[in-house]
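What's in structure-v7.txt: compact mmCIF, C-alpha atoms
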# COMPACT_ATOMS: atom_id res chain seq x y z
CA MET V 1 -111.78 175.63 -15.84
CA SER V 2 -114.94 175.72 -13.72
CA GLY V 3 -114.15 175.97 -10.00
CA MET V 4 -110.50 176.85 -10.54
CA GLY V 5 -109.67 180.35 -9.32
CA VAL V 6 -106.10 180.57 -10.65
CA ARG V 7 -104.90 181.16 -14.21
CA PRO V 8 -103.31 179.83 -16.29
CA TYR V 9 -104.26 176.34 -15.10
CA GLN V 10 -103.93 173.10 -17.03
CA GLU V 11 -105.02 169.63 -16.01
CA ILE V 12 -102.89 166.69 -17.12
CA THR V 13 -104.35 163.19 -16.87
CA PHE V 14 -102.29 159.98 -16.85
CA ASP V 15 -103.52 156.42 -17.18
CA LYS V 16 -102.24 153.60 -14.96
CA ASP V 17 -99.29 152.94 -17.27
CA GLY V 18 -98.14 156.57 -17.20
CA ASP V 19 -99.46 157.58 -20.62
CA PRO V 20 -100.71 161.21 -20.61
CA ASP V 21 -103.75 162.61 -22.35
CA GLY V 22 -102.31 163.92 -25.62
CA ALA V 23 -104.41 167.08 -25.94
CA GLN V 24 -103.79 168.06 -22.32
CA ARG V 25 -100.06 167.40 -22.73
CA ASP V 26 -99.89 169.63 -25.79
CA ALA V 27 -101.78 172.41 -24.01
CA LEU V 28 -99.41 172.17 -21.05
CA LEU V 29 -96.38 172.43 -23.32
CA ARG V 30 -97.80 175.67 -24.77
CA LEU V 31 -98.12 177.52 -21.45
CA ASP V 32 -96.17 180.78 -21.43
CA VAL V 33 -94.92 180.94 -17.83
CA THR V 34 -91.70 181.50 -15.93
CA ASP V 35 -92.68 179.13 -13.11
CA LEU V 36 -95.04 176.15 -13.21
CA VAL V 37 -96.39 174.56 -10.01
CA MET V 38 -97.50 170.98 -10.69
CA PHE V 39 -99.54 169.26 -7.94
CA ALA V 40 -100.25 165.51 -7.75
CA HIS V 41 -103.08 164.28 -5.53
CA GLY V 42 -102.72 161.08 -3.57
CA TRP V 43 -105.99 159.92 -2.14
CA ASN V 44 -108.83 160.58 -4.57
CA SER V 45 -110.10 159.00 -7.75
CA SER V 46 -112.72 161.61 -8.48
CA ARG V 47 -111.70 164.36 -10.88
CA ALA V 48 -114.17 166.70 -9.14
CA VAL V 49 -112.59 166.11 -5.72
CA SER V 50 -109.03 166.46 -7.04
CA THR V 51 -109.95 169.71 -8.82
CA ARG V 52 -111.44 171.05 -5.59
CA LEU V 53 -108.25 170.13 -3.74
CA TYR V 54 -106.09 171.96 -6.29
CA ALA V 55 -108.35 175.02 -6.23
CA ARG V 56 -108.12 175.20 -2.43
CA PHE V 57 -104.37 174.69 -2.31
CA PHE V 58 -103.57 177.12 -5.13
CA GLU V 59 -105.92 179.83 -3.84
CA PRO V 60 -103.30 181.79 -1.81
CA PHE V 61 -100.62 181.78 -4.54
CA PRO V 62 -101.64 184.82 -6.64
CA ALA V 63 -101.67 187.14 -3.63
CA LEU V 64 -98.39 185.73 -2.31
CA VAL V 65 -96.55 186.44 -5.59
CA SER V 66 -98.35 189.70 -6.35
CA GLY V 67 -95.90 192.43 -7.16
CA SER V 68 -93.04 190.07 -7.97
CA PRO V 69 -91.50 191.50 -11.16
CA GLY V 70 -90.94 189.12 -14.02
CA VAL V 71 -92.88 186.20 -12.48
CA ARG V 72 -95.55 184.58 -14.66
CA LEU V 73 -96.83 181.77 -12.46
CA GLY V 74 -98.74 178.84 -13.97
CA TYR V 75 -100.49 175.89 -12.36
CA ALA V 76 -101.06 172.25 -13.32
CA GLY V 77 -103.16 169.59 -11.63
CA ILE V 78 -101.99 166.01 -12.14
CA VAL V 79 -104.84 163.48 -12.26
CA TRP V 80 -103.98 159.79 -12.09
CA PRO V 81 -106.08 156.67 -11.41
CA SER V 82 -105.91 156.53 -7.64
CA LEU V 83 -108.50 155.71 -5.01
CA ARG V 84 -110.03 157.41 -2.00
CA PHE V 85 -112.07 155.47 0.55
CA ALA V 86 -115.25 157.40 1.30
CA ASP V 87 -114.85 157.11 5.09
CA GLU V 88 -111.67 159.23 5.10
CA PRO V 89 -112.41 162.76 6.32
CA VAL V 90 -111.01 165.76 4.48
CA PRO V 91 -110.90 168.93 6.60
CA ASP V 92 -112.94 171.83 5.16
CA PHE V 93 -114.68 169.60 2.59
CA GLY V 94 -118.20 169.96 3.95
CA ARG V 95 -121.52 168.30 3.18
CA GLY V 96 -122.35 168.02 -0.46
CA VAL V 97 -118.70 167.42 -1.31
CA LEU V 98 -118.09 164.11 0.42
CA PRO V 99 -120.80 161.66 1.58
CA ALA V 100 -121.23 160.78 5.24
CA PRO V 101 -119.30 157.59 6.11
CA PRO V 102 -121.04 154.55 7.63
CA ALA V 103 -120.76 153.82 11.32
CA GLY V 104 -119.38 150.30 10.87
CA PRO V 105 -116.98 148.46 8.59
CA GLU V 106 -119.46 148.27 5.71
CA LEU V 107 -118.09 149.24 2.32
CA GLU V 108 -119.52 152.53 1.10
CA GLU V 109 -121.10 152.53 -2.36
CA GLU V 110 -118.73 155.30 -3.49
CA THR V 111 -115.74 153.23 -2.37
CA ARG V 112 -117.16 150.14 -4.04
CA ARG V 113 -117.50 152.03 -7.34
CA GLY V 114 -113.99 153.39 -6.90
CA LEU V 115 -112.52 149.90 -6.41
CA VAL V 116 -114.23 148.67 -9.56
CA GLY V 117 -112.96 151.70 -11.45
CA VAL V 118 -109.31 151.34 -10.51
CA PHE V 119 -109.30 147.53 -10.69
CA PRO V 120 -111.19 146.79 -13.92
CA GLY V 121 -112.20 143.19 -14.35
CA ARG V 122 -112.40 142.61 -10.59
CA GLU V 123 -116.11 143.34 -10.16
CA ALA V 124 -116.86 139.90 -8.71
CA GLU V 125 -114.12 140.18 -6.09
CA VAL V 126 -115.30 143.66 -5.07
CA ALA V 127 -118.91 142.50 -4.78
CA ARG V 128 -118.02 139.55 -2.55
CA ILE V 129 -115.69 141.67 -0.39
CA ALA V 130 -118.52 144.18 0.09
CA ALA V 131 -120.90 141.36 1.04
CA LEU V 132 -118.51 139.97 3.66
CA LEU V 133 -117.90 143.40 5.20
CA GLY V 134 -121.65 143.95 5.35
CA GLU V 135 -122.46 140.53 6.84
CA GLN V 136 -119.43 140.29 9.17
CA PRO V 137 -119.73 136.52 9.67
CA GLU V 138 -118.08 135.11 12.78
CA ARG V 139 -116.22 132.30 11.03
CA ARG V 140 -112.52 131.88 10.35
CA ALA V 141 -113.38 130.52 6.91
CA ALA V 142 -115.00 133.86 6.04
CA PHE V 143 -111.78 135.70 6.94
CA ASP V 144 -109.74 133.24 4.89
CA GLU V 145 -112.02 133.90 1.92
CA PHE V 146 -111.75 137.64 2.49
CA GLY V 147 -107.95 137.48 2.53
CA GLU V 148 -107.81 135.54 -0.73
CA LEU V 149 -110.23 137.96 -2.39
CA VAL V 150 -108.13 140.95 -1.34
CA ARG V 151 -104.96 139.33 -2.67
CA ARG V 152 -106.66 138.62 -5.99
CA LEU V 153 -108.06 142.15 -6.15
CA VAL V 154 -104.67 143.84 -5.96
CA ALA V 155 -102.70 141.25 -7.93
CA GLN V 156 -100.50 142.97 -10.49
CA GLU V 157 -102.36 143.72 -13.68
CA GLU V 158 -101.27 141.60 -16.61
CA GLY V 159 -98.61 143.42 -18.58
CA ALA V 160 -98.18 146.16 -15.98
CA PRO V 161 -94.64 147.49 -15.39
CA ALA V 162 -92.63 145.85 -12.63
CA PHE V 163 -93.03 147.40 -9.19
CA VAL V 164 -90.09 149.31 -7.77
CA GLY V 165 -90.46 149.67 -4.03
CA ASP V 166 -89.19 152.54 -1.90
CA LEU V 167 -86.30 150.37 -0.73
CA GLY V 168 -85.59 148.65 -4.03
CA ASP V 169 -87.22 145.59 -5.56
CA GLU V 170 -89.22 144.64 -2.50
CA GLY V 171 -92.17 142.32 -2.82
CA PRO V 172 -95.66 142.69 -1.40
CA PRO V 173 -95.74 143.67 2.30
CA ALA V 174 -96.14 141.04 4.97
CA PHE V 175 -99.79 141.72 5.74
CA LEU V 176 -100.80 140.47 2.27
CA ARG V 177 -99.13 137.12 2.91
CA GLU V 178 -99.69 136.35 6.59
CA ASP V 179 -102.59 134.75 8.44
CA VAL V 180 -105.53 137.03 7.70
CA VAL V 181 -107.15 136.70 11.15
CA SER V 182 -103.95 137.75 12.91
CA VAL V 183 -103.51 140.64 10.49
CA CYS V 184 -107.09 141.82 11.02
CA ALA V 185 -106.51 141.63 14.78
CA ASP V 186 -103.38 143.78 14.46
CA PHE V 187 -105.18 146.43 12.43
CA THR V 188 -108.20 146.42 14.74
CA ALA V 189 -105.92 146.98 17.73
CA ALA V 190 -104.10 149.80 15.95
CA LEU V 191 -107.35 151.54 15.05
CA ASP V 192 -108.57 151.23 18.66
CA GLY V 193 -105.30 152.58 20.04
CA ALA V 194 -104.38 149.31 21.76
CA ARG V 195 -100.70 148.63 22.40
CA GLN V 196 -101.02 144.88 21.89
CA PRO V 197 -102.88 142.83 19.27
CA LEU V 198 -106.31 141.54 20.22
CA PHE V 199 -106.78 137.99 21.41
CA ILE V 200 -109.06 135.95 19.22
CA GLY V 201 -110.92 134.54 22.21
CA GLY V 202 -113.25 137.54 22.26
CA GLY V 203 -114.86 136.52 18.97
CA PHE V 204 -114.36 137.26 15.31
CA LYS V 205 -116.99 139.93 14.68
CA ARG V 206 -114.99 142.85 16.03
CA LEU V 207 -112.11 141.96 13.72
CA TRP V 208 -114.07 143.06 10.63
CA LYS V 209 -113.15 146.60 11.57
CA GLY V 210 -109.54 145.64 10.97
CA ALA V 211 -110.56 143.72 7.85
CA LYS V 212 -111.75 146.91 6.21
CA GLU V 213 -108.39 148.48 7.04
CA VAL V 214 -106.66 145.48 5.43
CA LEU V 215 -108.67 146.17 2.27
CA ARG V 216 -107.81 149.87 2.40
CA GLN V 217 -104.10 149.24 2.85
CA ALA V 218 -104.03 146.57 0.15
CA ALA V 219 -105.65 149.00 -2.27
CA TYR V 220 -103.22 151.71 -1.20
CA TRP V 221 -100.30 149.36 -1.76
CA ALA V 222 -101.54 148.85 -5.32
CA MET V 223 -101.85 152.63 -5.69
CA LYS V 224 -98.33 153.00 -4.31
CA ARG V 225 -97.11 150.71 -7.08
CA ARG V 226 -99.08 152.73 -9.63
CA SER V 227 -97.84 156.11 -8.37
CA GLY V 228 -94.23 155.11 -9.02
CA VAL V 229 -95.07 153.95 -12.56
CA VAL V 230 -96.97 157.15 -13.39
CA GLY V 231 -94.17 159.28 -11.94
CA GLU V 232 -91.24 157.55 -13.58
CA ARG V 233 -92.80 156.59 -16.91
CA GLY V 234 -95.26 159.44 -17.29
CA LEU V 235 -94.40 162.64 -15.46
CA GLY V 236 -90.61 162.30 -15.77
CA PRO V 237 -90.59 162.16 -19.60
CA LEU V 238 -93.26 164.90 -19.71
CA LEU V 239 -90.90 167.17 -17.77
CA GLY V 240 -88.30 166.46 -20.43
CA GLY V 241 -90.79 167.66 -23.03
CA LEU V 242 -91.40 170.83 -21.03
CA ALA V 243 -87.65 171.47 -20.93
CA ARG V 244 -87.57 171.35 -24.74
CA SER V 245 -90.71 173.42 -25.37
CA SER V 246 -90.12 176.01 -22.63
CA PRO V 247 -86.40 175.95 -21.84
CA GLY V 248 -86.65 178.94 -19.52
CA ALA V 249 -89.56 177.68 -17.41
CA ARG V 250 -88.87 176.44 -13.89
CA VAL V 251 -91.01 173.53 -12.64
CA HIS V 252 -92.02 173.14 -8.98
CA LEU V 253 -93.37 169.69 -8.14
CA VAL V 254 -95.80 169.26 -5.25
CA GLY V 255 -97.34 165.98 -4.14
CA HIS V 256 -99.64 164.87 -1.37
CA SER V 257 -99.61 161.35 0.16
CA GLN V 258 -98.92 158.92 -2.68
CA GLY V 259 -98.90 161.87 -5.05
CA ALA V 260 -95.70 162.80 -3.20
CA ARG V 261 -94.30 159.42 -4.23
CA LEU V 262 -95.42 160.10 -7.79
CA VAL V 263 -93.56 163.41 -8.12
CA ALA V 264 -90.51 162.00 -6.32
CA PHE V 265 -90.32 159.03 -8.71
CA ALA V 266 -90.61 161.45 -11.63
CA LEU V 267 -86.99 162.34 -10.80
CA ARG V 268 -86.03 158.78 -11.80
CA GLY V 269 -87.68 159.34 -15.17
CA LEU V 270 -86.10 162.70 -15.99
CA PRO V 271 -84.16 162.48 -19.26
CA GLY V 272 -80.41 162.96 -18.93
CA GLY V 273 -79.31 166.59 -18.70
CA VAL V 274 -82.78 167.97 -17.89
CA ARG V 275 -82.53 170.53 -15.08
CA ASN V 276 -85.88 172.32 -15.17
CA VAL V 277 -87.16 170.96 -11.83
CA ALA V 278 -86.45 173.85 -9.47
CA SER V 279 -88.03 172.41 -6.31
CA VAL V 280 -89.96 169.44 -4.94
CA THR V 281 -92.35 169.73 -1.98
CA LEU V 282 -93.67 166.50 -0.46
CA LEU V 283 -96.79 166.94 1.70
CA GLN V 284 -97.49 164.05 4.09
CA GLY V 285 -95.59 161.69 1.81
CA ALA V 286 -96.97 158.14 2.02
CA PHE V 287 -93.72 156.37 1.20
CA SER V 288 -90.65 155.29 3.10
CA HIS V 289 -88.62 157.89 4.93
CA TYR V 290 -85.54 155.99 3.69
CA ALA V 291 -86.40 156.35 -0.01
CA PHE V 292 -83.58 158.88 -0.61
CA ALA V 293 -81.02 157.10 1.61
CA SER V 294 -77.77 155.75 0.21
CA ARG V 295 -77.40 153.22 3.03
CA LEU V 296 -80.29 151.76 5.00
CA PRO V 297 -80.11 151.39 8.80
CA HIS V 298 -81.63 148.63 10.95
CA GLY V 299 -79.81 145.94 8.99
CA LEU V 300 -81.86 146.58 5.85
CA ARG V 301 -79.91 145.97 2.67
CA GLY V 302 -78.87 148.45 -0.02
CA GLY V 303 -80.16 151.97 -0.42
CA GLY V 304 -83.43 153.68 -1.17
CA ALA V 305 -84.98 153.61 -4.62
CA LEU V 306 -84.44 157.38 -4.89
CA GLU V 307 -80.83 157.39 -3.74
CA GLY V 308 -79.15 160.52 -5.11
CA MET V 309 -82.29 161.65 -6.98
CA HIS V 310 -82.42 164.89 -4.99
CA ARG V 311 -79.35 165.96 -6.95
CA ARG V 312 -81.47 166.08 -10.11
CA VAL V 313 -83.37 169.01 -8.60
CA ASP V 314 -82.02 172.52 -9.13
CA GLY V 315 -83.20 173.39 -5.64
CA PRO V 316 -84.34 171.64 -2.46
CA VAL V 317 -86.48 168.55 -1.88
CA VAL V 318 -88.69 169.54 1.06
CA ALA V 319 -90.58 166.94 3.11
CA CYS V 320 -93.39 168.38 5.24
CA TYR V 321 -94.48 166.04 8.02
CA SER V 322 -96.83 165.93 11.00
CA ARG V 323 -97.15 163.73 14.06
CA HIS V 324 -100.93 164.21 13.86
CA ASP V 325 -101.11 162.07 10.71
CA THR V 326 -102.63 158.84 12.04
CA ALA V 327 -102.62 157.19 8.63
CA LEU V 328 -98.83 157.43 8.51
CA SER V 329 -97.88 157.23 12.19
CA VAL V 330 -100.02 154.22 13.18
CA ILE V 331 -101.29 152.32 10.15
CA TYR V 332 -98.49 152.79 7.60
CA PRO V 333 -95.82 150.92 9.61
CA LEU V 334 -98.15 147.94 10.04
CA ALA V 335 -98.96 147.93 6.33
CA SER V 336 -95.34 148.35 5.22
CA ARG V 337 -93.60 145.73 7.31
CA ALA V 338 -91.69 143.34 5.06
CA ALA V 339 -92.34 139.63 4.90
CA GLY V 340 -89.98 137.66 7.11
CA ASP V 341 -89.69 140.42 9.72
CA ASP V 342 -90.57 138.39 12.80
CA ARG V 343 -89.95 141.28 15.19
CA GLY V 344 -93.18 142.97 14.14
CA VAL V 345 -93.66 146.73 14.48
CA LEU V 346 -92.62 147.94 17.90
CA ARG V 347 -93.23 151.33 19.47
CA GLY V 348 -90.51 153.66 18.19
CA ASP V 349 -89.46 151.19 15.48
CA GLY V 350 -88.26 153.37 12.61
CA ARG V 351 -87.78 150.75 9.95
CA TRP V 352 -91.19 151.02 8.31
CA CYS V 353 -92.13 154.66 8.99
CA ALA V 354 -93.42 157.04 6.33
CA MET V 355 -91.83 160.30 5.25
CA GLY V 356 -94.97 162.22 6.17
CA PHE V 357 -94.57 161.16 9.81
CA ASP V 358 -90.96 162.15 10.51
CA GLY V 359 -89.43 163.45 7.28
CA ILE V 360 -86.55 162.24 5.10
CA GLN V 361 -84.17 160.02 7.07
CA ALA V 362 -80.62 158.64 6.63
CA VAL V 363 -79.53 161.35 4.17
CA ASP V 364 -76.48 163.18 5.50
CA GLY V 365 -76.85 166.91 6.00
CA THR V 366 -80.66 166.99 6.02
CA PRO V 367 -81.80 169.83 8.34
CA ASP V 368 -85.00 169.52 10.35
CA LEU V 369 -86.82 172.86 10.62
CA SER V 370 -89.97 174.03 12.31
CA LEU V 371 -92.55 175.56 10.01
CA ASP V 372 -91.97 178.97 11.57
CA ALA V 373 -88.23 178.73 11.01
CA ALA V 374 -88.67 177.62 7.41
CA LEU V 375 -90.93 180.59 6.67
CA SER V 376 -89.01 183.22 8.60
CA ARG V 377 -85.42 182.24 7.79
CA GLY V 378 -85.94 180.53 4.45
CA LEU V 379 -84.92 177.13 3.11
CA PRO V 380 -81.58 175.81 1.88
CA ARG V 381 -80.92 176.23 -1.82
CA SER V 382 -80.41 172.51 -2.40
CA GLY V 383 -80.47 169.07 -0.82
CA CYS V 384 -83.10 167.36 1.32
CA VAL V 385 -84.93 169.41 3.96
CA ASN V 386 -87.48 168.40 6.61
CA VAL V 387 -90.19 170.80 7.79
CA ASP V 388 -92.30 169.94 10.83
CA ALA V 389 -95.75 171.15 9.75
CA ALA V 390 -97.65 169.80 12.78
CA SER V 391 -98.60 173.32 13.83
CA VAL V 392 -101.02 173.52 10.87
CA VAL V 393 -101.42 169.89 9.74
CA ARG V 394 -103.37 168.81 12.80
CA ARG V 395 -107.09 168.34 12.02
CA GLY V 396 -108.93 165.18 11.02
CA GLY V 397 -110.67 162.20 12.55
CA PRO V 398 -110.05 158.47 12.30
CA PRO V 399 -108.80 156.53 10.48
CA ALA V 400 -106.50 159.01 8.71
CA GLY V 401 -106.13 161.78 11.28
CA ALA V 402 -104.59 164.93 9.80
CA HIS V 403 -103.34 163.16 6.67
CA SER V 404 -105.41 165.34 4.33
CA ASP V 405 -105.21 168.61 6.30
CA ILE V 406 -102.90 170.29 3.79
CA CYS V 407 -104.76 173.33 2.41
CA HIS V 408 -103.03 176.08 4.38
CA PRO V 409 -101.42 179.37 3.26
CA GLU V 410 -98.35 178.39 5.26
CA LEU V 411 -97.78 175.33 3.07
CA ALA V 412 -98.29 177.42 -0.06
CA ARG V 413 -95.55 179.68 1.29
CA VAL V 414 -93.29 176.64 1.76
CA VAL V 415 -93.70 175.79 -1.94
CA LEU V 416 -92.86 179.36 -2.93
CA ALA V 417 -89.87 179.44 -0.58
CA ALA V 418 -88.57 176.13 -1.86
CA GLY V 419 -88.75 177.37 -5.44
CA ARG V 420 -87.53 180.88 -4.61
CA ILE V 421 -90.50 182.17 -6.56
CA GLY V 422 -90.80 185.93 -6.41
CA ARG V 423 -87.48 186.43 -4.66
Transcribe the structure of this file into structure tokens.
Amino acid sequence: MSGMGVRPYQEITFDKDGDPDGAQRDALLRLDVTDLVMFAHGWNSSRAVSTRLYARFFEPFPALVSGSPGVRLGYAGIVWPSLRFADEPVPDFGRGVLPAPPAGPELEEETRRGLVGVFPGREAEVARIAALLGEQPERRAAFDEFGELVRRLVAQEEGAPAFVGDLGDEGPPAFLREDVVSVCADFTAALDGARQPLFIGGGFKRLWKGAKEVLRQAAYWAMKRRSGVVGERGLGPLLGGLARSSPGARVHLVGHSQGARLVAFALRGLPGGVRNVASVTLLQGAFSHYAFASRLPHGLRGGGALEGMHRRVDGPVVACYSRHDTALSVIYPLASRAAGDDRGVLRGDGRWCAMGFDGIQAVDGTPDLSLDAALSRGLPRSGCVNVDAASVVRRGGPPAGAHSDICHPELARVVLAAGRIGR
């Protein structure tokens, strides 16, 4: 494949309902490998950008496994209908790869096209949202209209599978239901680094900065819903097919951001008795750090949607996290707060944090390792494991921070260590 420096490589494309491309699926099932690394992107809708990401991440692997007897390593890139906002920086993706973002809250043309692509039939809503973000009218009625348009944009597609949240059958997050002006003020304050929400008395215009973040997080919530469907209904059964066609092949799942949620939810969709998943590596996972918990703290009810799923892996589930990830440390808690939570999101409040910020939580026996320790002393053979990757995952500007700073040889080595590839 053009631009891909590793072989054998196979792309596998899923639609929003989890149905794979048949020809690509058949080609994947024919790969003659001992170990297959399957990577799911999280933040892009462009096949070209996702392919570039996979090429960059996979680049160190051949040299790292060189000389390992009996290892025939294969690679797969999972492409699913996700969305990347054009103003999100990606370290090392220079000019000519990603367009320059606008200075204000205007909606970039690339993002506008992406919204239309992933929400077919919502062209009118996208056009009006773009107009409001461009005009930035200083009227409450304009914000009310904006909020209603966003809710309609991300409304569940007719006939789509039911959404399973990270903490069970949770509904839409609070910010999609609450007063839109207050929500925009909260997001504007978070983006500006303020500790308290803004007072409305200063005027409405500055709140359009937060309005764009509301749109981003609403779209990402819809992608979060979709990632679980594609993982459970698409990738999970496909892994069952791989177990039948290549019973000796070991699969190593890797996911970034919501792609981490996708590969994690694939464990829910594994057919009974299938044990070919040898490791799972979650890079800056954009889903709840309680997803694997059997009992939720903070008075939350029940357990996580992935309770016990790590036991379906014939190896460890490794969560790499970084405190430099602004998307997950600042914005994600605001966007994830449940409706009816009148305490808001306080500093140090762990209820709504993402796995990519502080790792897997509330699972007994989960060690927390530095990246150096994980690479020098190795990883446990099973169970959940946290790896603090902040020493390398540290670059990136607002609004996402280091969220996409994942193409490092050290993280490739984590994947190999988790899967015990070449050992």
Closest atom pairs, region 252-330 of chain V residues within 10 Å of region 347-371 of chain V, only C-alpha atoms, as CSV:
residue,atom,partner,partner_atom,distance
V:His256,CA,V:Gly356,CA,9.3
V:Ser257,CA,V:Gly356,CA,7.6
V:Ala260,CA,V:Gly356,CA,9.4
V:Arg261,CA,V:Met355,CA,9.8
V:Leu282,CA,V:Gly356,CA,8.0
V:Leu283,CA,V:Gly356,CA,6.8
V:Gln284,CA,V:Gly356,CA,3.7
V:Gly285,CA,V:Gly356,CA,4.4
V:Ala286,CA,V:Ala354,CA,5.7
V:Phe287,CA,V:Ala354,CA,5.2
V:Ser288,CA,V:Ala354,CA,4.6
V:His289,CA,V:Met355,CA,4.0
V:Tyr290,CA,V:Gln361,CA,5.4
V:Ala291,CA,V:Ile360,CA,7.8
V:Phe292,CA,V:Val363,CA,6.7
V:Ala293,CA,V:Val363,CA,5.2
V:Ser294,CA,V:Val363,CA,7.1
V:Arg295,CA,V:Ala362,CA,7.3
V:Leu296,CA,V:Ala362,CA,7.1
V:Pro297,CA,V:Ala362,CA,7.6
V:His298,CA,V:Arg351,CA,6.6
V:Gly299,CA,V:Arg351,CA,9.4
V:Leu300,CA,V:Arg351,CA,8.3
V:Gly303,CA,V:Ala362,CA,9.7
V:Gly304,CA,V:Ala362,CA,9.7
V:Glu307,CA,V:Val363,CA,8.9
V:Gly308,CA,V:Val363,CA,9.3
V:Val317,CA,V:Ile360,CA,9.4
V:Val318,CA,V:Ile360,CA,8.6
V:Ala319,CA,V:Gly359,CA,5.6
V:Cys320,CA,V:Gly356,CA,6.4
V:Tyr321,CA,V:Gly356,CA,4.3
V:Ser322,CA,V:Phe357,CA,5.4
V:Arg323,CA,V:Phe357,CA,5.6
V:His324,CA,V:Phe357,CA,8.1
V:Asp325,CA,V:Phe357,CA,6.7
V:Thr326,CA,V:Phe357,CA,8.7
V:Ala327,CA,V:Phe357,CA,9.1
V:Leu328,CA,V:Phe357,CA,5.8
V:Ser329,CA,V:Phe357,CA,5.7
V:Val330,CA,V:Cys353,CA,8.9
Among the residues V:Leu133, V:Ala412, V:Val230, V:Leu83, the one that comes closest to Gly117 (chain V) [using only C-alpha atoms]
V:Leu83
So which residues are close to (-115.6, 147.0, -1.5), meaning at most 6 Å away in the file's coordinates with all atoms listed in the file counted, and can you show them as a VMD selection string?
chain V and resid 107 112 126 129 to 130
Shell around Gly70 (chain V) at 10 Å using all atoms listed in the file, local window under 6 positions removed, as a tab-separated table (two decimals) with C-alpha atoms, keeping the file's coordinate frame:
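Result file part.tsv:
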chain	number	residue	atom	x	y	z
V	33	VAL	CA	-94.92	180.94	-17.83
V	34	THR	CA	-91.70	181.50	-15.93
V	422	GLY	CA	-90.80	185.93	-6.41
Using all atoms listed in the file, which of the listed residues (V:Ala76, V:Val229, V:Gly22, V:Ala219) sits closest to Thr111 (chain V)?
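Nearest to Thr111 (chain V): V:Ala219.
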For CA of Arg7 (chain V) and CA of Leu36 (chain V), quote the distance in Å rounded to one decimal.
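Computing it gives 11.1 Å between the two atoms.
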I need the residue nearest Ala211 (chain V) from this list: V:Gly259, V:Pro105, V:Gly193, V:Pro271. Use all atoms listed in the file for the distance.
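Among the listed residues, V:Pro105 lies closest to Ala211 (chain V).
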For Val118 (chain V), which of V:Ala222, V:Leu53, V:Leu64, V:Val313 is the closest residue, counting all atoms listed in the file?
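Looking at the shortest contact to Val118 (chain V), the residue is V:Ala222.
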So what do you get for CA of Ala417 (chain V) versus CA of Gly378 (chain V), distance-wise?
6.5 Å
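Distances to Ser46 (chain V) were evaluated for V:Arg72, V:Arg113, V:Arg30, V:Lys224 using only C-alpha atoms, and the minimum falls at V:Arg113.
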I want to know what sits within 12 Å of Leu132 (chain V), based on all atoms listed in the file, with residues of the same chain fewer than 3 positions away left out; could you give that as a list in words?
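Once the nearby chain positions are removed, what remains is Pro105, Glu106, Leu107, Glu125, Val126, Ala127, Arg128, Ile129, Glu135, Gln136, Pro137, Glu138, Arg139, Ala141, Ala142, Phe143, Asp144, Glu145, Phe146, Gly147, Leu149, Val150, Lys205, Trp208, Lys209, Ala211, Lys212 and Leu215 of chain V.
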Ranking V:Val49, V:Ala335, V:Ala40, V:Leu207 by minimum distance to Trp221 (chain V) and counting all atoms listed in the file, which one comes first?
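Of V:Val49, V:Ala335, V:Ala40, V:Leu207, the one nearest Trp221 (chain V) is V:Ala335, counting all atoms listed in the file.
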Skipping near chain neighbours, those fewer than 4 positions away, what residues fall within 10 Å of Phe175 (chain V) using only C-alpha atoms, listed as a PDB file with C-alpha atoms, in the coordinates of the input?
ATOM      1  CA  GLY V 147    -107.950 137.480   2.530  1.00  0.00           C
ATOM      2  CA  ASP V 179    -102.590 134.750   8.440  1.00  0.00           C
ATOM      3  CA  VAL V 180    -105.530 137.030   7.700  1.00  0.00           C
ATOM      4  CA  SER V 182    -103.950 137.750  12.910  1.00  0.00           C
ATOM      5  CA  VAL V 183    -103.510 140.640  10.490  1.00  0.00           C
ATOM      6  CA  CYS V 184    -107.090 141.820  11.020  1.00  0.00           C
ATOM      7  CA  ASP V 186    -103.380 143.780  14.460  1.00  0.00           C
ATOM      8  CA  PHE V 187    -105.180 146.430  12.430  1.00  0.00           C
ATOM      9  CA  VAL V 214    -106.660 145.480   5.430  1.00  0.00           C
ATOM     10  CA  GLN V 217    -104.100 149.240   2.850  1.00  0.00           C
ATOM     11  CA  ALA V 218    -104.030 146.570   0.150  1.00  0.00           C
ATOM     12  CA  LEU V 334     -98.150 147.940  10.040  1.00  0.00           C
ATOM     13  CA  ALA V 335     -98.960 147.930   6.330  1.00  0.00           C
ATOM     14  CA  SER V 336     -95.340 148.350   5.220  1.00  0.00           C
ATOM     15  CA  ARG V 337     -93.600 145.730   7.310  1.00  0.00           C
ATOM     16  CA  ALA V 338     -91.690 143.340   5.060  1.00  0.00           C
ATOM     17  CA  ALA V 339     -92.340 139.630   4.900  1.00  0.00           C
TER      18      ALA V 339
END
Taking (-108.3, 168.2, 12.5) in the file's coordinates, which residues come within 10 Å, counting only C-alpha atoms, written as a list in words?
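Within the cut-off we find Pro89, Val90, Pro91, Asp92, His324, Asp325, Val392, Val393, Arg394, Arg395, Gly396, Gly397, Pro398, Gly401, Ala402, His403, Ser404 and Asp405 of chain V.
Between CA of Pro237 (chain V) and CA of Val254 (chain V) the separation is 16.8 Å.
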Could you name the residues that touch Gly269 (chain V) at 12 Å or less, counting only C-alpha atoms, but leaving out those on the same chain fewer than 4 positions away, as a list in words?
Gly18, Gly228, Val229, Val230, Gly231, Glu232, Arg233, Gly234, Leu235, Gly236, Pro237, Leu238, Leu239, Gly240, Gly241, Leu262, Val263, Ala264, Phe265, Gly273, Val274, Leu306, Met309 and Arg312 of chain V
As lines of an AutoDock Vina configuration file, what would the box around region 233-246 of chain V look like: edges along x, y and z, 6 Å added on every side, centre and edge lengths in Å to one decimal?
center_x = -91.4
center_y = 166.3
center_z = -20.4
size_x = 19.7
size_y = 31.4
size_z = 21.9
